[in-house]
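Colleague: I'd like to ask some things about the structure below.
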Amino acid sequence: MKVRCLQIIHPAADIPVAEYDGIRVGGVYPVLEMVAYDIDCQIRVLGPGTPDPGLLWDSADFETVDTRIPPGWTLVIADGRTRLADARWQRPGFWTDYHQGDPQVLADYEHVKRELLAAAPPHEN
């Protein structure tokens with residue numbers, strides 16, 4: 001799945017900006033995961049200069065340009081959240097373990113990231 005950035009609201013200043021952490025308005029990026037909670041929906045996208053593990057953005061600031069869901073993705077509803085992501089990222093505590101440097105989790109993240117970037121490299125339209 002790929003999305004085009006329509007607008008960026010700076011997370012600290014709450015003002016529109018043209019670019020932030022490797023994502024720019026008009027750029028097309030692969031989606032690494034989607035997380036919905038109550039009425040809030042965010043997507044994790046990865047741009048060429050974005051620090052790992054990508055950034056979570058309000059999905060309203062993007063539009064879909066490629067609707068294909070990558071192979072191996074699953075939809076999980078748990079703890080009041082709905083997540084669409086690679087099955088390897090769906091286990092409870094994945095992101096906590098990622099940030100704590102768990103070697104297996106880091107390897108799983110890198111493997112999925114490489115697959116997504118190889119299938120859908122970021123480009124400009």
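The chains in the structure tokens are called A, B, ... from first to last as shown; in each chain the residues are counted from 1, and the ligands are counted from 1 in the order shown.
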Taking 6 positions as the minimum chain separation for residues in the same chain, which residues sit within 7 Å of segment 33-37 of chain A when counting only C-alpha atoms? Answer as number ranges by chain.
Modeller: A: 43-44, 80-85
Colleague: Give me the residues near segment 47-53 of chain A as a count of residues only, where near means some atom within 12 Å (using only C-alpha atoms) and where sequence neighbours in that chain fewer than 4 positions away do not count.
Modeller: 39
Colleague: How would you write, as a ChimeraX atom specification, the set of residues in chain A that DSSP gives as alpha helix (DSSP H)?
Modeller: /A:94-99,103-119
Colleague: Return the single residue from A:Ile9, A:Ile77, A:Leu55, A:Val17 that is closest to Asp38 of chain A, with distances computed using only C-alpha atoms.
Modeller: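 Under the stated criterion, the closest residue is A:Ile77.
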Colleague: Would you mind listing what lies within 8 Å of Asp61 of chain A as a list of chain:residue names, with only C-alpha atoms counted and same-chain residues fewer than 4 positions away left out?
Modeller: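 Final neighbour list, sorted by chain and number: A:Cys5, A:Leu6, A:Gln7, A:Ile8, A:Trp57.
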Colleague: Let's see if you can do this: from backbone DSSP, list all strand (DSSP E) residues in segment 5-64 of chain A, as JSON, numbers by chain.
Modeller: {"A": [5, 8, 9, 16, 17, 19, 20, 23, 24, 27, 28, 29, 30, 31, 32, 33, 34, 35, 36, 37, 40, 41, 42, 43, 44, 45, 55, 56, 57, 58, 62, 63, 64]}
Colleague: For Val45 of chain A, which of A:Ala87, A:Arg114, A:Met1, A:Ala60 is the closest residue, counting only C-alpha atoms?
Modeller: A:Met1
Colleague: Rounded to one decimal in Å, what is the spacing between atom CA of Leu56 of chain A and atom CA of Pro11 of chain A?
Modeller: 10.6 Å
Colleague: Quote the spacing between atom CA of Asp66 of chain A and atom CA of Glu115 of chain A in Å to one decimal place.
Modeller: 15.9 Å
